[in-house]
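Enquirer: The following block contains the structure, expressed as structure tokens.
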Protein chains: 2
Amino acid sequence: MSDALRIIPLGGLGEVGKNMTVYEIGDDRILVDAGLAFPRDEHLGVDLVLPDFSYLADRPLLAIVLTHGHEDHVGALPYVLREIEVGEVIATRLTLAMITSKLDEHKLAAATTLREVRPEDGAVEVGPFRMEFVRMAHSIPDAMAILFETSAGRVLHTGDWKLDHTPVDGLKTDVGKLAEIGNRGVDLMLADSTNAERPGMTGSERLVGEAFRHIIPARRGRILVASFASNIHRMQQAAEVAIANGRKVALVGRSMRKNMSIARSLGYVGLPDDALVSPKEAMSLPPDRVLVLCTGSQGEPMSALTRIAYGDHPNVTVARGDTVIISAKPVPGNELRVHDSINRLTRAGAEVLHEEVALVHVSGHACSEEMRALLSLVRPKALMPIHGEYRMLAAHARLGREAGIPAAGIVIAENGSVVELTPRGVEIVDRIEAGVTFVDGLGVGDVQDVALRDRRRLSEDGVLIVVTTVALSDGGEIAPPELIARGFAEDDALLDDLRDEADRVALELSADGITEVKLLQEHMHDAIGRLVYDRTRRRPMILPVVIEV
Amino acid sequence: MSDALRIIPLGGLGEVGKNMTVYEIGDDRILVDAGLAFPRDEHLGVDLVLPDFSYLADRPLLAIVLTHGHEDHVGALPYVLREIEVGEVIATRLTLAMITSKLDEHKLAAATTLREVRPEDGAVEVGPFRMEFVRMAHSIPDAMAILFETSAGRVLHTGDWKLDHTPVDGLKTDVGKLAEIGNRGVDLMLADSTNAERPGMTGSERLVGEAFRHIIPARRGRILVASFASNIHRMQQAAEVAIANGRKVALVGRSMRKNMSIARSLGYVGLPDDALVSPKEAMSLPPDRVLVLCTGSQGEPMSALTRIAYGDHPNVTVARGDTVIISAKPVPGNELRVHDSINRLTRAGAEVLHEEVALVHVSGHACSEEMRALLSLVRPKALMPIHGEYRMLAAHARLGREAGIPAAGIVIAENGSVVELTPRGVEIVDRIEAGVTFVDGLGVGDVQDVALRDRRRLSEDGVLIVVTTVALSDGGEIAPPELIARGFAEDDALLDDLRDEADRVALELSADGITEVKLLQEHMHDAIGRLVYDRTRRRPMILPVVIEV
């Protein structure tokens, strides 16, 4: 009798970000990816969002396998390693290099063993899991898919991918191996859904290089290219065109310097030493001799490009005649920040080229025609769309149905779904707790939903504090209340009236002999709240403070 | 000697929204458009954003001319009429009908005189302003440009426009008249910059009709189309295709019902009475017999489509097999809300078609090739880009330069710039105060920047209130402080430590004989703030309350 394989997504379903999936046979567990998400506006004041991985707490993990080095696939790794015993972390060379520097920062270098794999090599066995790896093209080098050979069946987990036939490093998605795996017979495929709604094919990374070859030689001023620092080939392409046109290259922004340094030392990027200058040197060169590669393509508040846009960067400025290329697409929710950067850079005199107006970005994810191609190559018996909001998972499911997968073989799961694969097929058999954990300042998991609800309320209408004292010794005499308003319309007449109302309530309660603190607070809260709402149609948070003296 | 013409944009420059421009000769003033903006996330809790029009306070306006009926061109009208004496409001028929219902709601129907104009008729004279009107195509019927003939020169103000050669009502942008005006000689053109960065031509509104003709006949379930309620021809096209396919039409959402009722009663839309059903009736018909036209294309929280998406609408639900067409593009900042609606509707079983995946929307604004065409037709001596963020104004200015306008004739102004046109040319001669006024609940202008700053701070880190009493009669004894935290990480150990620290500070101050309230508050604030920051790297708003008893 074969053991069932249980697959439990802890993150990445119904959302874009914090990808994390448990694979479980009997008591043995492997984790695929350990990603984080960046907070949305509704997560007021939160720094990072992690999957809630408390499900993993009861026993060690045999291994964590990382498909590639993006934050939404590796960013939660330090937080997992802090709490869970992990046998080894398995990944390709670049991915390992990126997490090594991350683990060093968190003082977790000794927390586990790192095992480097190359997709071209043979299978790896960890407990009951036999894994092979398949090279996949993506917007960071060295990405891979994972094929699990288990007693319950064969499962392909794509990670993030696209079908780039002309990647910059020549390392294409290995369609030959995918076809061979398809011939072996795949029982279940978990595949990236990000662009499932988009028709056609995603452009090759090389298209952006072509755009650079059109733009860069024609410009006379400084050129700044902002992109995700992990998009090493994007940076390489810009640098190569610039160097060929007599420009020196400056790296600006911490993660840009770090990633380029890793990529250069491992040989992923061939950038000659004498082509690089410091940001300071760059600013002393003639403008047509400079290319700046910088962070900040998402308008992040403290990033290099944002500081440059605000005239607030210690070294780099832009002036009339300069060109800024924002080689990225705003992640949904970041649009206004990116637009703000564009406006400020334009005001400073630069011409800003961005994805809305020029072909200076391509996605890292397969569009629907590529997904169809993958479904044709692999011909899985069942499909479980992963990596995406519900609309993307649903669109991916439609593609699967069109490719001939029967309805019973389409699994639209959620974070926390327990998906079981047995020789009889695949189904959702259970669900576990799988929410989010917030990292807020130095605290991990301290901020709860109620705090966020409070922050939201405070953010909309402010706070009104009513302070009064009740003199128990004096037969319960209640002092005239004081009012403190913050984030609330500053209308003195209204505040006066509220003070009068608070006085009136205090006197009335006093006359009624009510001295119980809870009751006083309730009366005060309701009376003030009513008056505020009548006068302003607003509901600030009202905090009555009653002190017994 | 001719009088100078002063043009003062009070809104709409460096932003998208709240368009409002003063035209002034000597003491005589006309206002073109009186628009509002919808608050951005940074305007925590604000309902509406108006231009600060205090510049207009000192004397009556001869007239307000409205180019078309969109909220960003007419929405501030009631607020202006409440404070400024206005001789007359001049607009086309549909625009007047829309503002009439708005003025009725504000009980301002008697505040001014309404004058209907037709672009095809002759000139209108108001004081020293002789105006002609030019029909322009846009995403609402009955839009027009204004040609001012003044002693200082001839000025064309386009309003919002596009070069739709096949508008649904057949009323095209009047290129013949624009050419004729160009032949007369235009000294200055103020023109819409919204899509100046976008290459090519904006598609005709009729393209969306073609999409409807492909989509609607093929569907078997209910079909919902969400769009701006003012996009009357969009609704008409969807309704016509639906009716031809045996569906009845239900109007859902207050502004949808209102605008369609105005448009039908004035003859802008020919929708037979028997084609309309109530939302309730619609839900009792077979799904393939129903089209629902609804509001909520921007994911607005209380709108029809959002309530439907949340399963919270009193009449309308969606189910498996239904189709939702979101026939609009999210205004920047609304993306996440729209995505949330799409996800929820998909989860409810509907297929959602939106502008990212199908051609179900076209813009109402000219793209760069259309702007070049306009510049060729009108051949203005000078160009002042209006309606747009700085990047859009700058892109429009580049188009003007490429069209042969000399650098001295390009005026990139800001809200508050005083632009003077004389027979010698055009230049910015001064600037006036031109900020924003917030409408927050029932208050207009009560919320100031400091309140917004407070709300932002509260929204990020919450609030911590420290309450203590000082007994003046008892020689300044300070009671052990109480702590109240809201929107702040709920870590009991931390709160205990903060309470201890507050106690310590109280005792220390008491021992030092410090009883002055301000001083006590300062000490408490600093000590607690320091400890909170050390422990959490967060800076909640700390409000020390000291009460003398």
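Every chain in the structure tokens has a letter given in the order shown (A, B, ...), and although residue numbers restart at 1 in each chain, ligands are simply numbered from 1 in the order shown.
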Could you pull the residues within 12 Å of A:Ala63, counting only C-alpha atoms, minus those fewer than 2 positions along the same chain, as an mmCIF file with C-alpha atoms, in the first residue's frame?

Expert:
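File part32.cif, as written:
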data_model
loop_
_atom_site.group_PDB
_atom_site.id
_atom_site.type_symbol
_atom_site.label_atom_id
_atom_site.label_comp_id
_atom_site.auth_asym_id
_atom_site.auth_seq_id
_atom_site.Cartn_x
_atom_site.Cartn_y
_atom_site.Cartn_z
ATOM 1 C CA VAL A 22 4.232 21.822 2.397
ATOM 2 C CA TYR A 23 4.754 18.349 0.884
ATOM 3 C CA GLU A 24 4.072 15.590 3.379
ATOM 4 C CA ASP A 28 8.004 13.302 6.685
ATOM 5 C CA ARG A 29 7.796 16.889 5.521
ATOM 6 C CA ILE A 30 9.464 19.076 2.931
ATOM 7 C CA LEU A 31 8.748 22.743 2.351
ATOM 8 C CA VAL A 32 8.885 24.244 -1.139
ATOM 9 C CA ASP A 33 9.729 27.958 -0.940
ATOM 10 C CA ALA A 34 9.496 30.218 2.086
ATOM 11 C CA ARG A 59 8.334 18.463 14.089
ATOM 12 C CA PRO A 60 11.478 19.121 12.071
ATOM 13 C CA LEU A 61 11.393 19.658 8.326
ATOM 14 C CA VAL A 65 13.661 23.492 -1.401
ATOM 15 C CA LEU A 66 13.802 26.971 -2.921
ATOM 16 C CA LEU A 77 13.395 31.692 5.356
ATOM 17 C CA VAL A 80 11.208 29.780 9.567
ATOM 18 C CA LEU A 81 14.758 28.810 10.539
ATOM 19 C CA ILE A 84 11.714 25.204 13.002
ATOM 20 C CA GLU A 85 14.500 22.650 12.820
ATOM 21 C CA VAL A 86 15.361 22.208 9.156
ATOM 22 C CA GLY A 87 17.549 19.370 7.880
ATOM 23 C CA GLU A 88 18.862 21.172 4.838
ATOM 24 C CA VAL A 89 18.080 23.944 2.390
ATOM 25 C CA ILE A 90 18.286 22.834 -1.236
ATOM 26 C CA ALA A 91 18.639 25.326 -4.091
ATOM 27 C CA THR A 112 21.002 24.573 8.781
ATOM 28 C CA THR A 113 22.965 22.918 5.959
ATOM 29 C CA LEU A 114 22.905 24.301 2.437
ATOM 30 C CA ARG A 115 22.931 21.854 -0.474
ATOM 31 C CA VAL A 124 18.144 13.998 -5.026
ATOM 32 C CA GLU A 125 16.560 11.828 -2.366
ATOM 33 C CA VAL A 126 15.373 13.196 0.963
ATOM 34 C CA GLY A 127 13.431 10.716 3.054
ATOM 35 C CA PRO A 128 10.541 9.398 0.956
ATOM 36 C CA PHE A 129 10.904 12.256 -1.545
ATOM 37 C CA MET A 131 13.295 15.013 -6.522
#

Enquirer: Applying 7 Å and only C-alpha atoms, which residues near stretch 257-272 of chain B remain after dropping the ones on its own chain fewer than 5 positions away? List them as an NGL selection string.

Expert: :B and (97 or 229-230 or 232 or 236 or 251-252)

Enquirer: Per DSSP on the backbone, filter stretch 56-165 of chain B down to the residues in alpha helix (DSSP H) and report them as an MDAnalysis selection string.

Expert: chainID B and resid 71:74 77:83 93:105

Enquirer: As a PyMOL selection string, please: every residue in stretch 126-313 of chain A that DSSP puts in strand (DSSP E or B).

Expert: chain A and resi 126+129-137+143-150+153-157+162+188-192+195+223-226+248-252+276-277+290-294

Enquirer: So which one's closest to B:Arg347, A:Ala413, A:Ala238, A:Val318, A:Ala282? Using only C-alpha atoms, please.

Expert: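 Looking only at the distances to B:Arg347, the closest residue turns out to be A:Ala413.
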
Enquirer: Let me make sure I understand: among B:Ile146, B:Leu509, B:Ala137, B:Val16, which one has the smallest atom-to-atom distance to B:Gly170 if we use only C-alpha atoms?

Expert: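 For B:Gly170, the nearest of the candidates is B:Ala137.
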
Enquirer: Under the rule that only C-alpha atoms are counted, which of A:Ile223, A:Ala123, A:Leu48, A:Val466 is the nearest residue to A:Asp526?

Expert: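 Between A:Ile223, A:Ala123, A:Leu48, A:Val466, the residue approaching A:Asp526 most closely is A:Val466.
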
Enquirer: Just how far from atom CA of A:Leu393 is atom CA of A:Glu420, in Å to one decimal?

Expert: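 Separating atom CA of A:Glu420 from atom CA of A:Leu393 is a distance of 18.7 Å.
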
Enquirer: Give me, please, the distance in Å between atom CA of B:Leu520 and atom CA of A:Ala506, quoted to one decimal.

Expert: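 So the two atoms, atom CA of B:Leu520 and atom CA of A:Ala506, lie 26.0 Å apart.
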
Enquirer: Restricting the calculation to only C-alpha atoms: of B:Ser151, B:Gly203, B:Ala511, B:Asp461, which residue gets closest to A:Asp47?

Expert: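 Of B:Ser151, B:Gly203, B:Ala511, B:Asp461, the one nearest A:Asp47 is B:Asp461, counting only C-alpha atoms.
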
Enquirer: Write out as a list of chain:residue names the residues lying within 7 Å of B:Met392, counting only C-alpha atoms and excluding same-chain residues fewer than 2 positions away.

Expert: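 Listing them by chain and then by number gives B:Ser193, B:Thr194, B:Asn195, B:Ala196, B:Glu197, B:Gly388, B:Glu389, B:Tyr390, B:Ala394, B:Ala395, B:His396.
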
Enquirer: Using only C-alpha atoms, which of B:Gly153, B:Pro481, B:Pro287, B:Gly529 sits nearest chain A?

Expert: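 Distance minimum relative to chain A lands on B:Pro481.
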
Enquirer: Counting only C-alpha atoms, what is within 7 Å of A:Leu336, bar same-chain residues fewer than 2 positions away, as a list in words?

Expert: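 Once the adjacent positions are removed, what remains is Asn334, Val338, His339 and Asp340 of chain A; Pro332 and Gly333 of chain B.
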